[in-house]
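Shown next: structure_34.pdb, given as PDB, C-alpha atoms.
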```pdb
ATOM      1  CA  MET K   1       0.000   0.000   0.000
ATOM      2  CA  SER K   2       1.446   3.378  -0.998
ATOM      3  CA  ASP K   3       2.068   6.100   1.600
ATOM      4  CA  THR K   4       2.041   8.792  -1.064
ATOM      5  CA  VAL K   5      -0.293  11.649  -0.208
ATOM      6  CA  PRO K   6      -2.155  13.034  -3.253
ATOM      7  CA  ILE K   7      -1.342  16.632  -4.099
ATOM      8  CA  GLN K   8      -4.235  18.872  -3.126
ATOM      9  CA  HIS K   9      -4.553  21.511  -5.829
ATOM     10  CA  PRO K  10      -6.576  24.676  -5.124
ATOM     11  CA  SER K  11     -10.163  24.466  -6.387
ATOM     12  CA  TRP K  12      -9.615  27.375  -8.775
ATOM     13  CA  LEU K  13      -6.743  25.503 -10.431
ATOM     14  CA  THR K  14      -8.711  22.319 -11.008
ATOM     15  CA  SER K  15     -11.889  24.134 -12.061
ATOM     16  CA  GLY K  16     -10.131  26.582 -14.358
ATOM     17  CA  ASP K  17     -11.861  29.575 -12.751
ATOM     18  CA  PHE K  18      -8.841  31.729 -11.960
ATOM     19  CA  THR K  19     -11.051  34.514 -10.576
ATOM     20  CA  ALA K  20     -11.608  32.362  -7.472
ATOM     21  CA  ALA K  21      -7.899  32.484  -6.567
ATOM     22  CA  GLU K  22      -6.976  34.202  -3.299
ATOM     23  CA  ASP K  23      -3.157  34.199  -3.574
ATOM     24  CA  PRO K  24      -1.724  36.210  -6.496
ATOM     25  CA  PHE K  25       1.681  34.543  -6.297
ATOM     26  CA  ALA K  26       0.182  31.038  -6.488
ATOM     27  CA  LEU K  27      -1.916  32.128  -9.471
ATOM     28  CA  PHE K  28       1.120  33.649 -11.185
ATOM     29  CA  ASP K  29       3.110  30.439 -10.626
ATOM     30  CA  ALA K  30       0.313  28.395 -12.189
ATOM     31  CA  TRP K  31       0.082  30.652 -15.249
ATOM     32  CA  LEU K  32       3.864  30.734 -15.699
ATOM     33  CA  ALA K  33       3.962  26.930 -15.530
ATOM     34  CA  GLN K  34       1.316  26.793 -18.266
ATOM     35  CA  ALA K  35       3.226  29.312 -20.384
ATOM     36  CA  SER K  36       6.426  27.285 -19.988
ATOM     37  CA  GLU K  37       4.679  24.437 -21.807
ATOM     38  CA  THR K  38       3.026  26.458 -24.583
ATOM     39  CA  GLU K  39       5.117  29.535 -25.410
ATOM     40  CA  PRO K  40       7.475  28.971 -28.384
ATOM     41  CA  ARG K  41      10.307  30.749 -26.535
ATOM     42  CA  ASP K  42      11.082  32.832 -23.441
ATOM     43  CA  PRO K  43       7.910  32.439 -21.341
ATOM     44  CA  THR K  44       9.747  34.527 -18.718
ATOM     45  CA  ALA K  45       9.985  37.545 -21.060
ATOM     46  CA  MET K  46       8.361  40.625 -19.571
ATOM     47  CA  THR K  47       8.076  44.303 -20.367
ATOM     48  CA  LEU K  48       9.777  46.455 -17.738
ATOM     49  CA  ALA K  49       8.623  50.076 -17.513
ATOM     50  CA  THR K  50      10.599  52.780 -15.693
ATOM     51  CA  VAL K  51      10.706  56.583 -15.799
ATOM     52  CA  ASP K  52      13.641  58.906 -16.456
ATOM     53  CA  ALA K  53      14.602  62.087 -14.613
ATOM     54  CA  ASP K  54      12.006  64.053 -16.591
ATOM     55  CA  GLY K  55       9.225  61.589 -15.804
ATOM     56  CA  LEU K  56       9.208  60.216 -19.364
ATOM     57  CA  PRO K  57       8.444  56.466 -19.404
ATOM     58  CA  ASN K  58      10.854  53.886 -20.794
ATOM     59  CA  ALA K  59       9.905  50.280 -21.585
ATOM     60  CA  ARG K  60      11.926  47.285 -22.715
ATOM     61  CA  MET K  61      11.848  43.490 -22.623
ATOM     62  CA  VAL K  62      13.828  41.691 -19.897
ATOM     63  CA  LEU K  63      13.777  38.141 -18.548
ATOM     64  CA  LEU K  64      12.314  37.151 -15.191
ATOM     65  CA  LYS K  65      14.916  35.282 -13.141
ATOM     66  CA  GLY K  66      12.998  34.698  -9.938
ATOM     67  CA  ALA K  67       9.465  35.036  -8.577
ATOM     68  CA  ASP K  68       8.211  34.297  -5.076
ATOM     69  CA  ALA K  69       6.272  35.975  -2.298
ATOM     70  CA  ARG K  70       9.001  38.622  -2.047
ATOM     71  CA  GLY K  71       8.544  39.796  -5.634
ATOM     72  CA  PHE K  72       9.826  39.547  -9.211
ATOM     73  CA  VAL K  73      13.587  39.576  -9.936
ATOM     74  CA  PHE K  74      15.706  40.412 -12.965
ATOM     75  CA  PHE K  75      19.401  41.245 -13.400
ATOM     76  CA  THR K  76      21.230  43.975 -15.304
ATOM     77  CA  ASN K  77      24.225  46.272 -15.572
ATOM     78  CA  LEU K  78      23.637  48.903 -12.890
ATOM     79  CA  GLY K  79      25.021  51.582 -15.191
ATOM     80  CA  SER K  80      22.463  50.821 -17.877
ATOM     81  CA  GLN K  81      19.571  53.172 -18.547
ATOM     82  CA  LYS K  82      17.142  51.012 -16.598
ATOM     83  CA  GLY K  83      19.629  50.530 -13.767
ATOM     84  CA  GLN K  84      20.159  54.253 -13.341
ATOM     85  CA  GLU K  85      16.451  55.021 -13.625
ATOM     86  CA  LEU K  86      15.526  52.425 -11.018
ATOM     87  CA  ASP K  87      18.147  53.690  -8.594
ATOM     88  CA  ALA K  88      16.884  57.262  -9.030
ATOM     89  CA  GLN K  89      13.170  56.388  -9.002
ATOM     90  CA  PRO K  90      12.707  52.951  -7.368
ATOM     91  CA  LYS K  91       9.268  52.179  -8.783
ATOM     92  CA  ALA K  92       8.419  50.048 -11.814
ATOM     93  CA  ALA K  93       5.755  48.161 -13.742
ATOM     94  CA  LEU K  94       5.908  44.770 -15.469
ATOM     95  CA  VAL K  95       3.742  43.149 -18.140
ATOM     96  CA  PHE K  96       3.727  39.462 -19.063
ATOM     97  CA  HIS K  97       1.795  38.590 -22.237
ATOM     98  CA  TRP K  98       1.506  34.941 -23.241
ATOM     99  CA  LYS K  99      -0.076  34.814 -26.698
ATOM    100  CA  SER K 100      -0.343  31.031 -26.660
ATOM    101  CA  LEU K 101      -2.607  31.246 -23.598
ATOM    102  CA  ASN K 102      -4.352  34.543 -24.335
ATOM    103  CA  LYS K 103      -3.349  35.644 -20.848
ATOM    104  CA  GLN K 104      -1.668  38.711 -19.413
ATOM    105  CA  VAL K 105      -0.311  39.745 -16.016
ATOM    106  CA  ARG K 106       0.439  43.334 -14.966
ATOM    107  CA  VAL K 107       2.587  44.151 -11.927
ATOM    108  CA  ARG K 108       3.249  47.511 -10.236
ATOM    109  CA  GLY K 109       5.333  48.234  -7.182
ATOM    110  CA  ALA K 110       8.429  49.496  -5.440
ATOM    111  CA  VAL K 111      11.897  48.344  -6.436
ATOM    112  CA  GLU K 112      14.825  47.186  -4.308
ATOM    113  CA  ARG K 113      18.266  45.762  -5.016
ATOM    114  CA  VAL K 114      18.755  42.040  -4.458
ATOM    115  CA  SER K 115      21.413  40.982  -1.952
ATOM    116  CA  ASP K 116      25.018  40.441  -3.030
ATOM    117  CA  GLU K 117      24.571  36.750  -2.237
ATOM    118  CA  GLU K 118      21.595  36.468  -4.597
ATOM    119  CA  ALA K 119      23.460  38.311  -7.348
ATOM    120  CA  ASP K 120      26.593  36.179  -6.881
ATOM    121  CA  THR K 121      24.595  32.944  -7.012
ATOM    122  CA  TYR K 122      22.755  33.870 -10.192
ATOM    123  CA  PHE K 123      25.861  35.255 -11.919
ATOM    124  CA  ALA K 124      27.739  32.025 -11.175
ATOM    125  CA  SER K 125      24.948  30.049 -12.883
ATOM    126  CA  ARG K 126      25.301  31.932 -16.186
ATOM    127  CA  PRO K 127      27.300  30.502 -19.114
ATOM    128  CA  LYS K 128      30.901  31.727 -19.047
ATOM    129  CA  GLN K 129      30.487  33.606 -22.333
ATOM    130  CA  ALA K 130      27.552  35.528 -20.822
ATOM    131  CA  GLN K 131      29.672  36.308 -17.748
ATOM    132  CA  ILE K 132      32.416  37.650 -19.990
ATOM    133  CA  GLY K 133      29.873  39.719 -21.912
ATOM    134  CA  ALA K 134      28.706  41.327 -18.665
ATOM    135  CA  TRP K 135      32.250  42.599 -18.062
ATOM    136  CA  ALA K 136      32.837  43.682 -21.655
ATOM    137  CA  SER K 137      29.577  45.584 -22.186
ATOM    138  CA  LYS K 138      29.127  49.189 -21.064
ATOM    139  CA  GLN K 139      25.395  48.680 -21.367
ATOM    140  CA  SER K 140      23.392  51.597 -22.838
ATOM    141  CA  SER K 141      26.566  53.635 -23.514
ATOM    142  CA  PRO K 142      27.444  54.713 -27.092
ATOM    143  CA  LEU K 143      29.393  52.051 -29.031
ATOM    144  CA  GLU K 144      31.686  53.220 -31.820
ATOM    145  CA  SER K 145      31.628  49.881 -33.692
ATOM    146  CA  ARG K 146      30.838  46.194 -33.333
ATOM    147  CA  LEU K 147      34.568  45.539 -33.688
ATOM    148  CA  ALA K 148      35.269  47.557 -30.536
ATOM    149  CA  PHE K 149      32.827  45.410 -28.580
ATOM    150  CA  GLU K 150      34.296  42.166 -29.943
ATOM    151  CA  LYS K 151      37.767  43.390 -28.968
ATOM    152  CA  ALA K 152      36.578  44.052 -25.407
ATOM    153  CA  ILE K 153      35.085  40.558 -25.288
ATOM    154  CA  ALA K 154      38.339  39.016 -26.508
ATOM    155  CA  ILE K 155      40.404  40.900 -23.915
ATOM    156  CA  THR K 156      38.075  39.839 -21.103
ATOM    157  CA  ALA K 157      37.986  36.224 -22.322
ATOM    158  CA  ALA K 158      41.780  36.104 -22.308
ATOM    159  CA  LYS K 159      41.874  37.527 -18.778
ATOM    160  CA  TYR K 160      39.647  34.769 -17.443
ATOM    161  CA  ALA K 161      40.745  31.999 -19.810
ATOM    162  CA  ILE K 162      41.766  29.597 -17.037
ATOM    163  CA  SER K 163      39.832  30.995 -14.090
ATOM    164  CA  SER K 164      36.269  31.546 -13.036
ATOM    165  CA  VAL K 165      34.663  34.886 -13.808
ATOM    166  CA  PRO K 166      33.701  36.979 -10.779
ATOM    167  CA  ARG K 167      30.566  39.081 -10.759
ATOM    168  CA  PRO K 168      31.294  42.662 -11.845
ATOM    169  CA  PRO K 169      30.684  45.226  -9.086
ATOM    170  CA  PHE K 170      28.473  47.136 -11.548
ATOM    171  CA  TRP K 171      26.196  44.146 -12.241
ATOM    172  CA  SER K 172      23.376  43.028  -9.955
ATOM    173  CA  GLY K 173      19.635  42.481  -9.720
ATOM    174  CA  PHE K 174      16.443  44.292  -8.844
ATOM    175  CA  ARG K 175      13.307  42.990  -7.178
ATOM    176  CA  ILE K 176       9.914  44.536  -7.913
ATOM    177  CA  VAL K 177       7.897  44.272  -4.698
ATOM    178  CA  PRO K 178       4.301  44.447  -5.929
ATOM    179  CA  ILE K 179       1.467  46.467  -4.491
ATOM    180  CA  ALA K 180      -0.804  45.520  -7.417
ATOM    181  CA  ILE K 181      -0.977  42.383  -9.614
ATOM    182  CA  GLU K 182      -3.641  42.168 -12.294
ATOM    183  CA  PHE K 183      -4.602  38.995 -14.161
ATOM    184  CA  TRP K 184      -6.332  39.185 -17.544
ATOM    185  CA  GLN K 185      -7.695  36.368 -19.704
ATOM    186  CA  ASP K 186      -9.155  36.683 -23.177
ATOM    187  CA  ARG K 187     -12.800  35.817 -23.700
ATOM    188  CA  PRO K 188     -14.861  35.912 -26.955
ATOM    189  CA  PHE K 189     -16.235  39.258 -28.133
ATOM    190  CA  ARG K 190     -13.824  41.130 -25.814
ATOM    191  CA  LEU K 191     -15.808  40.046 -22.748
ATOM    192  CA  HIS K 192     -12.558  39.329 -20.932
ATOM    193  CA  ASP K 193     -12.016  38.225 -17.325
ATOM    194  CA  ARG K 194      -9.940  40.543 -15.111
ATOM    195  CA  ILE K 195      -9.082  40.513 -11.428
ATOM    196  CA  VAL K 196      -6.634  42.729  -9.571
ATOM    197  CA  PHE K 197      -4.977  42.088  -6.217
ATOM    198  CA  LYS K 198      -3.900  45.182  -4.267
ATOM    199  CA  ARG K 199      -2.231  45.878  -0.936
ATOM    200  CA  ASP K 200      -1.059  49.016   0.838
ATOM    201  CA  ALA K 201       2.530  47.827   1.354
ATOM    202  CA  ASP K 202       4.722  44.728   1.441
ATOM    203  CA  GLY K 203       3.489  42.361   4.139
ATOM    204  CA  THR K 204      -0.030  43.765   4.345
ATOM    205  CA  PRO K 205      -3.085  41.717   3.312
ATOM    206  CA  TRP K 206      -4.199  41.542  -0.314
ATOM    207  CA  SER K 207      -7.624  42.682  -1.437
ATOM    208  CA  LYS K 208      -9.129  41.301  -4.647
ATOM    209  CA  THR K 209     -11.441  43.079  -7.075
ATOM    210  CA  ARG K 210     -13.030  41.890 -10.278
ATOM    211  CA  LEU K 211     -12.837  44.471 -13.082
ATOM    212  CA  TYR K 212     -14.926  45.209 -16.135
ATOM    213  CA  PRO K 213     -13.047  44.209 -19.304
TER     214      PRO K 213
END
```
Represent the supplied structure as structure tokens.
Amino acid sequence: MSDTVPIQHPSWLTSGDFTAAEDPFALFDAWLAQASETEPRDPTAMTLATVDADGLPNARMVLLKGADARGFVFFTNLGSQKGQELDAQPKAALVFHWKSLNKQVRVRGAVERVSDEEADTYFASRPKQAQIGAWASKQSSPLESRLAFEKAIAITAAKYAISSVPRPPFWSGFRIVPIAIEFWQDRPFRLHDRIVFKRDADGTPWSKTRLYP
């Protein structure tokens, strides 16, 4: 006789009615798991929106590298445009759009740096060529030619040819700590389903509201 205990999935997951979910992080995990099976590439791709010193928005695609109850994590060169903007104005928005599922998630919240330990661990997991590229690239700065970049890569590769590559001091990660997470699912005739979870601050209870499409 087996001692295995059956996994008890939430009712909203087995029924397919995501609007019954009460934990936004559990719902996000479930949708990301679905997207990992159906998206042709990069299910972790997300739009990151920041603002510059003049309040003008900037948006670009980055890759999610961690998601849990603390928030959503990505890594970058701290001297890049997004790195500088996030340090100056530590607030951001994210959008995930999975066309294969007709689903979308929007995230808004404050931003904080990840710990050095988290950054070191992730950097060590990257392919060596990507580690070398992190050292060689002055991300978002003007580049005189592709040849100049390839030369910088070659010099860095030679430097670390027989040794491990340490994490650059100008390279780390950011965590978006959400105060709002909205889930959207396509329905026929634009009669979509939408729910938004909101809280006043990190650690406070979530409230859930269903929205008109």
**Q.** Non-local contacts of K:Gly133 (12 Å; all atoms listed in the file; under 3 positions in same chain excluded) as a list of chain:residue names
**A.**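 Listed by chain and then number, they are K:Thr76, K:Asn77, K:Phe123, K:Arg126, K:Pro127, K:Lys128, K:Gln129, K:Ala130, K:Ala136, K:Ser137, K:Lys138, K:Gln139, K:Phe149, K:Glu150, K:Lys151, K:Ala152, K:Ile153, K:Ala154, K:Ile155, K:Thr156, K:Ala157, K:Tyr160, K:Val165, K:Arg167, K:Pro168, K:Trp171.
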What lies within 7 Å of K:Phe75 using only C-alpha atoms, ignoring chain neighbours under 5 positions off, as a PDB file with C-alpha atoms, in the frame of the given file?
```pdb
ATOM      1  CA  SER K 172      23.376  43.028  -9.955  1.00  0.00           C
ATOM      2  CA  GLY K 173      19.635  42.481  -9.720  1.00  0.00           C
ATOM      3  CA  PHE K 174      16.443  44.292  -8.844  1.00  0.00           C
TER       4      PHE K 174
END
```
Q: List the residues selected by the PyMOL selection byres ((chain K and resi 63) around 6) in the file shown, writing them as a PyMOL selection string.
A: chain K and resi 44-45+62+64
Q: Run the PyMOL selection byres ((chain K and resi 104) around 10) mentally over the shown coordinates, then write out the matched residues as a ChimeraX atom specification, using the chain letters and numbers from the document.
A: /K:31,95-99,101-103,105-106,182-186,194
Q: Choose the residue, out of K:Leu211, K:Ala201, K:Leu94, K:Ala67, that has the smallest atom-to-atom separation from K:Leu32; count all atoms listed in the file.
A: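 Nearest candidate to K:Leu32 out of K:Leu211, K:Ala201, K:Leu94, K:Ala67: K:Ala67.
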Q. How would you write, as a list in words, the residues chosen by the PyMOL selection byres ((chain K and resi 51) around 12) on this structure?
A.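 Evaluating the PyMOL selection byres ((chain K and resi 51) around 12) on this file yields Leu48, Ala49, Thr50, Asp52, Ala53, Asp54, Gly55, Leu56, Pro57, Asn58, Ala59, Arg60, Gln81, Lys82, Gly83, Gln84, Glu85, Leu86, Asp87, Ala88, Gln89, Pro90, Lys91, Ala92 and Ala93 of chain K.
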Tell me which residues come within 10 Å of (1.5, 25.6, -25.9), as a PDB file with C-alpha atoms, keeping the file's coordinate frame, counting only C-alpha atoms in the file's coordinates.
```pdb
ATOM      1  CA  GLN K  34       1.316  26.793 -18.266  1.00  0.00           C
ATOM      2  CA  ALA K  35       3.226  29.312 -20.384  1.00  0.00           C
ATOM      3  CA  SER K  36       6.426  27.285 -19.988  1.00  0.00           C
ATOM      4  CA  GLU K  37       4.679  24.437 -21.807  1.00  0.00           C
ATOM      5  CA  THR K  38       3.026  26.458 -24.583  1.00  0.00           C
ATOM      6  CA  GLU K  39       5.117  29.535 -25.410  1.00  0.00           C
ATOM      7  CA  PRO K  40       7.475  28.971 -28.384  1.00  0.00           C
ATOM      8  CA  TRP K  98       1.506  34.941 -23.241  1.00  0.00           C
ATOM      9  CA  LYS K  99      -0.076  34.814 -26.698  1.00  0.00           C
ATOM     10  CA  SER K 100      -0.343  31.031 -26.660  1.00  0.00           C
ATOM     11  CA  LEU K 101      -2.607  31.246 -23.598  1.00  0.00           C
TER      12      LEU K 101
END
```
Q: Measure the distance from atom CA of K:Leu143 to atom CA of K:Met61 in Å and round it to one decimal.
A: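 Spanning atom CA of K:Leu143 to atom CA of K:Met61 is a straight-line distance of 20.5 Å.
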(Q) Can you pull out the residues contacting K:Asp202? Cut-off 8 Å, using all atoms listed in the file, and skip same-chain residues under 3 positions away; I want them as a list in words. (A)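 Those residues are Val177, Pro178, Ile179 and Arg199 of chain K.
Between atom CA of K:Pro142 and atom CA of K:Asp42 the interatomic distance comes to 27.6 Å.
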Where atoms are missing, can you supply N, CA and C atoms for stretch 85-117 of chain K and output the lot as an mmCIF file, keeping the file's coordinate frame?
```
data_model
loop_
_atom_site.group_PDB
_atom_site.id
_atom_site.type_symbol
_atom_site.label_atom_id
_atom_site.label_comp_id
_atom_site.auth_asym_id
_atom_site.auth_seq_id
_atom_site.Cartn_x
_atom_site.Cartn_y
_atom_site.Cartn_z
ATOM 1 N N GLU K 85 17.800 54.514 -13.878
ATOM 2 C CA GLU K 85 16.451 55.021 -13.625
ATOM 3 C C GLU K 85 15.830 54.379 -12.387
ATOM 4 N N LEU K 86 16.084 53.101 -12.185
ATOM 5 C CA LEU K 86 15.526 52.425 -11.018
ATOM 6 C C LEU K 86 16.189 52.874 -9.725
ATOM 7 N N ASP K 87 17.478 53.168 -9.784
ATOM 8 C CA ASP K 87 18.147 53.690 -8.594
ATOM 9 C C ASP K 87 17.627 55.083 -8.244
ATOM 10 N N ALA K 88 17.349 55.894 -9.263
ATOM 11 C CA ALA K 88 16.884 57.262 -9.030
ATOM 12 C C ALA K 88 15.402 57.303 -8.654
ATOM 13 N N GLN K 89 14.618 56.430 -9.253
ATOM 14 C CA GLN K 89 13.170 56.388 -9.002
ATOM 15 C C GLN K 89 12.775 54.921 -8.827
ATOM 16 N N PRO K 90 12.884 54.393 -7.596
ATOM 17 C CA PRO K 90 12.707 52.951 -7.368
ATOM 18 C C PRO K 90 11.253 52.481 -7.391
ATOM 19 N N LYS K 91 10.614 52.682 -8.535
ATOM 20 C CA LYS K 91 9.268 52.179 -8.783
ATOM 21 C C LYS K 91 9.231 51.663 -10.215
ATOM 22 N N ALA K 92 8.434 50.621 -10.466
ATOM 23 C CA ALA K 92 8.419 50.048 -11.814
ATOM 24 C C ALA K 92 7.111 49.311 -12.062
ATOM 25 N N ALA K 93 6.895 48.982 -13.330
ATOM 26 C CA ALA K 93 5.755 48.161 -13.742
ATOM 27 C C ALA K 93 6.250 47.064 -14.673
ATOM 28 N N LEU K 94 5.590 45.913 -14.615
ATOM 29 C CA LEU K 94 5.908 44.770 -15.469
ATOM 30 C C LEU K 94 4.647 44.335 -16.208
ATOM 31 N N VAL K 95 4.846 43.784 -17.412
ATOM 32 C CA VAL K 95 3.742 43.149 -18.140
ATOM 33 C C VAL K 95 4.242 41.831 -18.715
ATOM 34 N N PHE K 96 3.519 40.756 -18.417
ATOM 35 C CA PHE K 96 3.727 39.462 -19.063
ATOM 36 C C PHE K 96 2.562 39.247 -20.024
ATOM 37 N N HIS K 97 2.851 38.876 -21.270
ATOM 38 C CA HIS K 97 1.795 38.590 -22.237
ATOM 39 C C HIS K 97 2.122 37.279 -22.919
ATOM 40 N N TRP K 98 1.296 36.268 -22.661
ATOM 41 C CA TRP K 98 1.506 34.941 -23.241
ATOM 42 C C TRP K 98 0.454 34.721 -24.331
ATOM 43 N N LYS K 99 0.862 34.914 -25.580
ATOM 44 C CA LYS K 99 -0.076 34.814 -26.698
ATOM 45 C C LYS K 99 -0.657 33.419 -26.832
ATOM 46 N N SER K 100 0.136 32.403 -26.514
ATOM 47 C CA SER K 100 -0.343 31.031 -26.660
ATOM 48 C C SER K 100 -1.481 30.717 -25.699
ATOM 49 N N LEU K 101 -1.573 31.473 -24.603
ATOM 50 C CA LEU K 101 -2.607 31.246 -23.598
ATOM 51 C C LEU K 101 -3.700 32.312 -23.624
ATOM 52 N N ASN K 102 -3.450 33.388 -24.379
ATOM 53 C CA ASN K 102 -4.352 34.543 -24.335
ATOM 54 C C ASN K 102 -4.504 35.063 -22.914
ATOM 55 N N LYS K 103 -3.358 35.170 -22.228
ATOM 56 C CA LYS K 103 -3.349 35.644 -20.848
ATOM 57 C C LYS K 103 -2.311 36.737 -20.669
ATOM 58 N N GLN K 104 -2.569 37.599 -19.699
ATOM 59 C CA GLN K 104 -1.668 38.711 -19.413
ATOM 60 C C GLN K 104 -1.643 38.965 -17.912
ATOM 61 N N VAL K 105 -0.461 39.355 -17.414
ATOM 62 C CA VAL K 105 -0.311 39.745 -16.016
ATOM 63 C C VAL K 105 0.388 41.094 -15.960
ATOM 64 N N ARG K 106 -0.162 42.015 -15.177
ATOM 65 C CA ARG K 106 0.439 43.334 -14.966
ATOM 66 C C ARG K 106 0.832 43.462 -13.500
ATOM 67 N N VAL K 107 2.046 44.007 -13.281
ATOM 68 C CA VAL K 107 2.587 44.151 -11.927
ATOM 69 C C VAL K 107 3.052 45.590 -11.730
ATOM 70 N N ARG K 108 2.755 46.176 -10.578
ATOM 71 C CA ARG K 108 3.249 47.511 -10.236
ATOM 72 C C ARG K 108 3.748 47.476 -8.796
ATOM 73 N N GLY K 109 4.857 48.208 -8.552
ATOM 74 C CA GLY K 109 5.333 48.234 -7.182
ATOM 75 C C GLY K 109 6.655 48.947 -7.006
ATOM 76 N N ALA K 110 7.136 48.918 -5.779
ATOM 77 C CA ALA K 110 8.429 49.496 -5.440
ATOM 78 C C ALA K 110 9.544 48.557 -5.873
ATOM 79 N N VAL K 111 10.741 49.114 -5.967
ATOM 80 C CA VAL K 111 11.897 48.344 -6.436
ATOM 81 C C VAL K 111 13.006 48.397 -5.394
ATOM 82 N N GLU K 112 13.678 47.258 -5.205
ATOM 83 C CA GLU K 112 14.825 47.186 -4.308
ATOM 84 C C GLU K 112 15.925 46.359 -4.948
ATOM 85 N N ARG K 113 17.155 46.584 -4.540
ATOM 86 C CA ARG K 113 18.266 45.762 -5.016
ATOM 87 C C ARG K 113 18.206 44.385 -4.345
ATOM 88 N N VAL K 114 18.596 43.352 -5.067
ATOM 89 C CA VAL K 114 18.755 42.040 -4.458
ATOM 90 C C VAL K 114 20.037 42.046 -3.627
ATOM 91 N N SER K 115 20.206 41.063 -2.767
ATOM 92 C CA SER K 115 21.413 40.982 -1.952
ATOM 93 C C SER K 115 22.607 40.581 -2.812
ATOM 94 N N ASP K 116 23.810 40.864 -2.320
ATOM 95 C CA ASP K 116 25.018 40.441 -3.030
ATOM 96 C C ASP K 116 25.053 38.929 -3.182
ATOM 97 N N GLU K 117 24.576 38.208 -2.174
ATOM 98 C CA GLU K 117 24.571 36.750 -2.237
ATOM 99 C C GLU K 117 23.669 36.251 -3.367
#
```
